[in-house]
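What's in query.pdb: PDB, C-alpha atoms, pLDDT in the B column
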MODEL        1
ATOM      1  CA  MET A   1      84.892 -46.123  -3.856  1.00 66.00           C
ATOM      2  CA  SER A   2      82.195 -44.979  -1.466  1.00 77.00           C
ATOM      3  CA  ASP A   3      82.688 -42.630   1.452  1.00 80.00           C
ATOM      4  CA  LEU A   4      81.338 -45.272   3.815  1.00 85.00           C
ATOM      5  CA  GLN A   5      83.824 -47.877   2.544  1.00 90.00           C
ATOM      6  CA  ARG A   6      86.711 -45.467   3.173  1.00 87.00           C
ATOM      7  CA  LEU A   7      85.490 -44.554   6.651  1.00 87.00           C
ATOM      8  CA  VAL A   8      84.894 -48.171   7.697  1.00 91.00           C
ATOM      9  CA  GLY A   9      88.284 -49.145   6.294  1.00 92.00           C
ATOM     10  CA  GLU A  10      89.980 -46.393   8.250  1.00 88.00           C
ATOM     11  CA  ARG A  11      88.219 -47.425  11.482  1.00 89.00           C
ATOM     12  CA  LEU A  12      89.295 -51.046  10.959  1.00 94.00           C
ATOM     13  CA  LYS A  13      92.871 -49.892  10.368  1.00 92.00           C
ATOM     14  CA  ILE A  14      92.871 -47.816  13.556  1.00 88.00           C
ATOM     15  CA  ALA A  15      91.516 -50.796  15.532  1.00 90.00           C
ATOM     16  CA  ARG A  16      94.215 -53.068  14.055  1.00 92.00           C
ATOM     17  CA  ILE A  17      96.990 -50.597  14.871  1.00 91.00           C
ATOM     18  CA  ALA A  18      95.633 -50.137  18.405  1.00 88.00           C
ATOM     19  CA  LEU A  19      96.149 -53.889  18.911  1.00 91.00           C
ATOM     20  CA  LYS A  20      99.659 -53.531  17.453  1.00 93.00           C
ATOM     21  CA  LEU A  21      98.877 -55.995  14.669  1.00 95.00           C
ATOM     22  CA  THR A  22     100.264 -55.945  11.163  1.00 95.00           C
ATOM     23  CA  GLN A  23      97.926 -56.706   8.284  1.00 96.00           C
ATOM     24  CA  GLU A  24      99.600 -60.107   7.987  1.00 95.00           C
ATOM     25  CA  GLN A  25      99.038 -60.861  11.684  1.00 96.00           C
ATOM     26  CA  LEU A  26      95.389 -59.844  11.398  1.00 96.00           C
ATOM     27  CA  ALA A  27      95.002 -62.099   8.364  1.00 95.00           C
ATOM     28  CA  GLU A  28      96.416 -65.021  10.381  1.00 95.00           C
ATOM     29  CA  LYS A  29      94.099 -64.277  13.324  1.00 95.00           C
ATOM     30  CA  THR A  30      90.997 -64.476  11.101  1.00 94.00           C
ATOM     31  CA  GLY A  31      91.530 -68.236  11.079  1.00 87.00           C
ATOM     32  CA  LYS A  32      90.366 -70.779   8.559  1.00 83.00           C
ATOM     33  CA  GLU A  33      87.520 -68.564   7.288  1.00 77.00           C
ATOM     34  CA  GLY A  34      90.342 -66.122   6.685  1.00 87.00           C
ATOM     35  CA  VAL A  35      90.812 -62.757   5.121  1.00 94.00           C
ATOM     36  CA  SER A  36      94.057 -62.411   3.179  1.00 95.00           C
ATOM     37  CA  LYS A  37      96.615 -59.694   3.844  1.00 95.00           C
ATOM     38  CA  SER A  38      95.995 -58.140   0.429  1.00 95.00           C
ATOM     39  CA  ARG A  39      92.236 -58.112   1.031  1.00 96.00           C
ATOM     40  CA  ILE A  40      92.755 -56.432   4.421  1.00 96.00           C
ATOM     41  CA  SER A  41      94.876 -53.818   2.693  1.00 96.00           C
ATOM     42  CA  ASP A  42      92.125 -53.187   0.124  1.00 96.00           C
ATOM     43  CA  ILE A  43      89.479 -53.013   2.861  1.00 96.00           C
ATOM     44  CA  GLU A  44      91.495 -50.528   4.929  1.00 94.00           C
ATOM     45  CA  ARG A  45      91.960 -48.306   1.887  1.00 91.00           C
ATOM     46  CA  GLY A  46      88.231 -48.480   1.088  1.00 91.00           C
ATOM     47  CA  ARG A  47      88.939 -49.984  -2.306  1.00 92.00           C
ATOM     48  CA  ILE A  48      86.527 -52.926  -2.096  1.00 93.00           C
ATOM     49  CA  ASN A  49      83.031 -53.600  -0.888  1.00 92.00           C
ATOM     50  CA  ILE A  50      82.946 -56.336   1.750  1.00 94.00           C
ATOM     51  CA  SER A  51      80.172 -58.605   2.915  1.00 94.00           C
ATOM     52  CA  LEU A  52      78.629 -58.311   6.342  1.00 95.00           C
ATOM     53  CA  LYS A  53      80.098 -61.745   7.074  1.00 95.00           C
ATOM     54  CA  THR A  54      83.637 -60.454   6.404  1.00 95.00           C
ATOM     55  CA  LEU A  55      82.947 -57.285   8.376  1.00 96.00           C
ATOM     56  CA  ASP A  56      81.651 -59.342  11.312  1.00 95.00           C
ATOM     57  CA  LEU A  57      84.720 -61.610  11.166  1.00 96.00           C
ATOM     58  CA  LEU A  58      87.080 -58.618  11.228  1.00 96.00           C
ATOM     59  CA  MET A  59      85.168 -56.908  14.038  1.00 96.00           C
ATOM     60  CA  ASN A  60      85.250 -60.085  16.148  1.00 94.00           C
ATOM     61  CA  THR A  61      88.945 -60.609  15.441  1.00 95.00           C
ATOM     62  CA  LEU A  62      89.721 -56.981  16.336  1.00 96.00           C
ATOM     63  CA  GLU A  63      87.341 -57.156  19.320  1.00 93.00           C
ATOM     64  CA  ILE A  64      85.375 -54.052  18.381  1.00 93.00           C
ATOM     65  CA  SER A  65      81.625 -53.525  18.503  1.00 92.00           C
ATOM     66  CA  PRO A  66      79.479 -52.029  15.749  1.00 91.00           C
ATOM     67  CA  THR A  67      79.136 -48.916  17.903  1.00 86.00           C
ATOM     68  CA  GLU A  68      82.910 -48.504  18.018  1.00 86.00           C
ATOM     69  CA  LEU A  69      83.314 -49.246  14.331  1.00 89.00           C
ATOM     70  CA  PHE A  70      80.745 -46.704  13.187  1.00 86.00           C
ATOM     71  CA  ASN A  71      81.851 -43.945  15.559  1.00 78.00           C
ATOM     72  CA  PHE A  72      83.412 -41.793  12.859  1.00 71.00           C
ATOM     73  CA  GLN A  73      83.812 -38.830  15.207  1.00 66.00           C
ATOM     74  CA  ARG A  74      86.800 -40.605  16.733  1.00 62.00           C
ATOM     75  CA  LEU A  75      88.504 -40.507  13.344  1.00 62.00           C
ATOM     76  CA  SER A  76      88.737 -36.740  13.417  1.00 58.00           C
ATOM     77  CA  ASN A  77      91.290 -37.048  16.231  1.00 54.00           C
ATOM     78  CA  ALA A  78      93.405 -39.688  14.499  1.00 53.00           C
ATOM     79  CA  LYS A  79      96.863 -38.350  13.687  1.00 53.00           C
ATOM     80  CA  ASP A  80      97.328 -40.479  10.607  1.00 53.00           C
ATOM     81  CA  ILE A  81      94.416 -39.062   8.633  1.00 52.00           C
ATOM     82  CA  GLY A  82      95.686 -36.492   6.236  1.00 53.00           C
ATOM     83  CA  GLU A  83      93.190 -36.783   3.436  1.00 62.00           C
ATOM     84  CA  LYS A  84      90.956 -33.764   3.261  1.00 67.00           C
ATOM     85  CA  HIS A  85      88.102 -35.810   1.781  1.00 64.00           C
ATOM     86  CA  ILE A  86      88.036 -38.230   4.688  1.00 71.00           C
ATOM     87  CA  MET A  87      87.920 -35.381   7.200  1.00 75.00           C
ATOM     88  CA  ILE A  88      85.034 -33.787   5.320  1.00 76.00           C
ATOM     89  CA  ASP A  89      83.215 -37.126   5.152  1.00 75.00           C
ATOM     90  CA  ILE A  90      83.609 -37.576   8.901  1.00 80.00           C
ATOM     91  CA  HIS A  91      82.004 -34.215   9.529  1.00 84.00           C
ATOM     92  CA  LYS A  92      79.276 -34.936   6.993  1.00 84.00           C
ATOM     93  CA  TYR A  93      78.285 -38.130   8.796  1.00 82.00           C
ATOM     94  CA  THR A  94      78.455 -36.333  12.136  1.00 86.00           C
ATOM     95  CA  LEU A  95      76.187 -33.530  10.923  1.00 90.00           C
ATOM     96  CA  MET A  96      73.680 -35.984   9.417  1.00 87.00           C
ATOM     97  CA  GLU A  97      72.827 -37.055  12.967  1.00 87.00           C
ATOM     98  CA  ARG A  98      72.019 -33.505  14.064  1.00 91.00           C
ATOM     99  CA  ASP A  99      68.868 -31.376  13.780  1.00 94.00           C
ATOM    100  CA  LEU A 100      68.597 -29.024  10.804  1.00 95.00           C
ATOM    101  CA  ASP A 101      68.888 -25.921  13.003  1.00 96.00           C
ATOM    102  CA  GLU A 102      72.113 -27.264  14.512  1.00 95.00           C
ATOM    103  CA  VAL A 103      73.526 -27.961  11.038  1.00 93.00           C
ATOM    104  CA  LYS A 104      72.648 -24.422   9.929  1.00 95.00           C
ATOM    105  CA  TYR A 105      74.365 -23.041  13.034  1.00 96.00           C
ATOM    106  CA  VAL A 106      77.518 -25.085  12.362  1.00 93.00           C
ATOM    107  CA  ILE A 107      77.615 -23.906   8.747  1.00 93.00           C
ATOM    108  CA  LYS A 108      77.141 -20.262   9.766  1.00 95.00           C
ATOM    109  CA  THR A 109      79.800 -20.547  12.473  1.00 95.00           C
ATOM    110  CA  THR A 110      82.224 -22.248  10.079  1.00 91.00           C
ATOM    111  CA  LYS A 111      81.693 -19.563   7.443  1.00 92.00           C
ATOM    112  CA  ASN A 112      82.277 -16.808  10.016  1.00 92.00           C
ATOM    113  CA  PHE A 113      85.422 -18.541  11.253  1.00 92.00           C
ATOM    114  CA  LEU A 114      86.804 -18.953   7.734  1.00 88.00           C
ATOM    115  CA  ASP A 115      86.012 -15.318   6.934  1.00 89.00           C
ATOM    116  CA  ILE A 116      88.090 -14.281   9.966  1.00 91.00           C
ATOM    117  CA  ILE A 117      90.984 -16.489   8.838  1.00 88.00           C
ATOM    118  CA  ASP A 118      90.782 -15.119   5.287  1.00 85.00           C
ATOM    119  CA  THR A 119      90.812 -11.568   6.619  1.00 87.00           C
ATOM    120  CA  LYS A 120      93.900 -12.284   8.763  1.00 83.00           C
ATOM    121  CA  ASN A 121      95.683 -13.927   5.819  1.00 80.00           C
ATOM    122  CA  LYS A 122      95.099 -10.866   3.626  1.00 79.00           C
ATOM    123  CA  LYS A 123      96.929  -8.600   6.078  1.00 70.00           C
TER     124      LYS A 123
ENDMDL
END
Please express what this file holds, its structure, as structure tokens.
Amino acid sequence: MSDLQRLVGERLKIARIALKLTQEQLAEKTGKEGVSKSRISDIERGRINISLKTLDLLMNTLEISPTELFNFQRLSNAKDIGEKHIMIDIHKYTLMERDLDEVKYVIKTTKNFLDIIDTKNKK
């Protein structure tokens, strides 16, 4: 399973929940071209690779734009994300869009912050 598949799946899930739709309701709304409930479940969990056609169908059904879908920074505020790997992936994709000097600064700041926490925990 790729990081991108997991992140896209999570964004689709958040969009579905925001519309107060169950996976079954979303499957029904995809119409005759349809995406089954079990396939939606697999997509949301990042377990399968989907075609652009399926992605486009889901985005249109959920009424979200590509910009909204690929805005992974919004995931970091989602309450239902508990997986450490997903949170790290979100930050990785966020940092990839930044200049090298900014990335170095973030890494240095993070290390300093964690050193402070470690010091406090030792006391």
_Top pick for closest residue to A:Glu33, considering A:Asp99, A:Ala18, A:Thr61, A:Lys111 and counting all atoms listed in the file_ = A:Thr61
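You can rank A:Ser65, A:Ser2, A:Gln23, A:Thr94 by their closest distance to A:Glu44 using all atoms listed in the file, and at the top of that list sits A:Gln23.
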_Rounded to one decimal, what separation in Å do you get between atom CA of A:Glu63 and atom CA of A:Ala27?_
14.3 Å
*So what does the PyMOL selection byres ((chain A and resi 15) around 9) actually pick up in this one, as a list in words?*
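Applying the expression gives Glu10, Arg11, Leu12, Lys13, Ile14, Arg16, Ile17, Ala18, Leu19, Lys20, Met59, Leu62, Glu63, Ile64 and Leu69 of chain A.
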Taking C-alpha atoms for each residue, export the selection above as an mmCIF file, keeping the file's coordinate frame.
data_model
loop_
_atom_site.group_PDB
_atom_site.id
_atom_site.type_symbol
_atom_site.label_atom_id
_atom_site.label_comp_id
_atom_site.auth_asym_id
_atom_site.auth_seq_id
_atom_site.Cartn_x
_atom_site.Cartn_y
_atom_site.Cartn_z
ATOM 1 C CA GLU A 10 89.980 -46.393 8.250
ATOM 2 C CA ARG A 11 88.219 -47.425 11.482
ATOM 3 C CA LEU A 12 89.295 -51.046 10.959
ATOM 4 C CA LYS A 13 92.871 -49.892 10.368
ATOM 5 C CA ILE A 14 92.871 -47.816 13.556
ATOM 6 C CA ARG A 16 94.215 -53.068 14.055
ATOM 7 C CA ILE A 17 96.990 -50.597 14.871
ATOM 8 C CA ALA A 18 95.633 -50.137 18.405
ATOM 9 C CA LEU A 19 96.149 -53.889 18.911
ATOM 10 C CA LYS A 20 99.659 -53.531 17.453
ATOM 11 C CA MET A 59 85.168 -56.908 14.038
ATOM 12 C CA LEU A 62 89.721 -56.981 16.336
ATOM 13 C CA GLU A 63 87.341 -57.156 19.320
ATOM 14 C CA ILE A 64 85.375 -54.052 18.381
ATOM 15 C CA LEU A 69 83.314 -49.246 14.331
#
_Å distance separating atom CA of A:Ser36 from atom CA of A:Glu24, one decimal place_ = 7.7 Å
*d(atom CA of A:Met87, atom CA of A:Leu4) in Å*: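 Distance reported for this atom pair: 12.4 Å.
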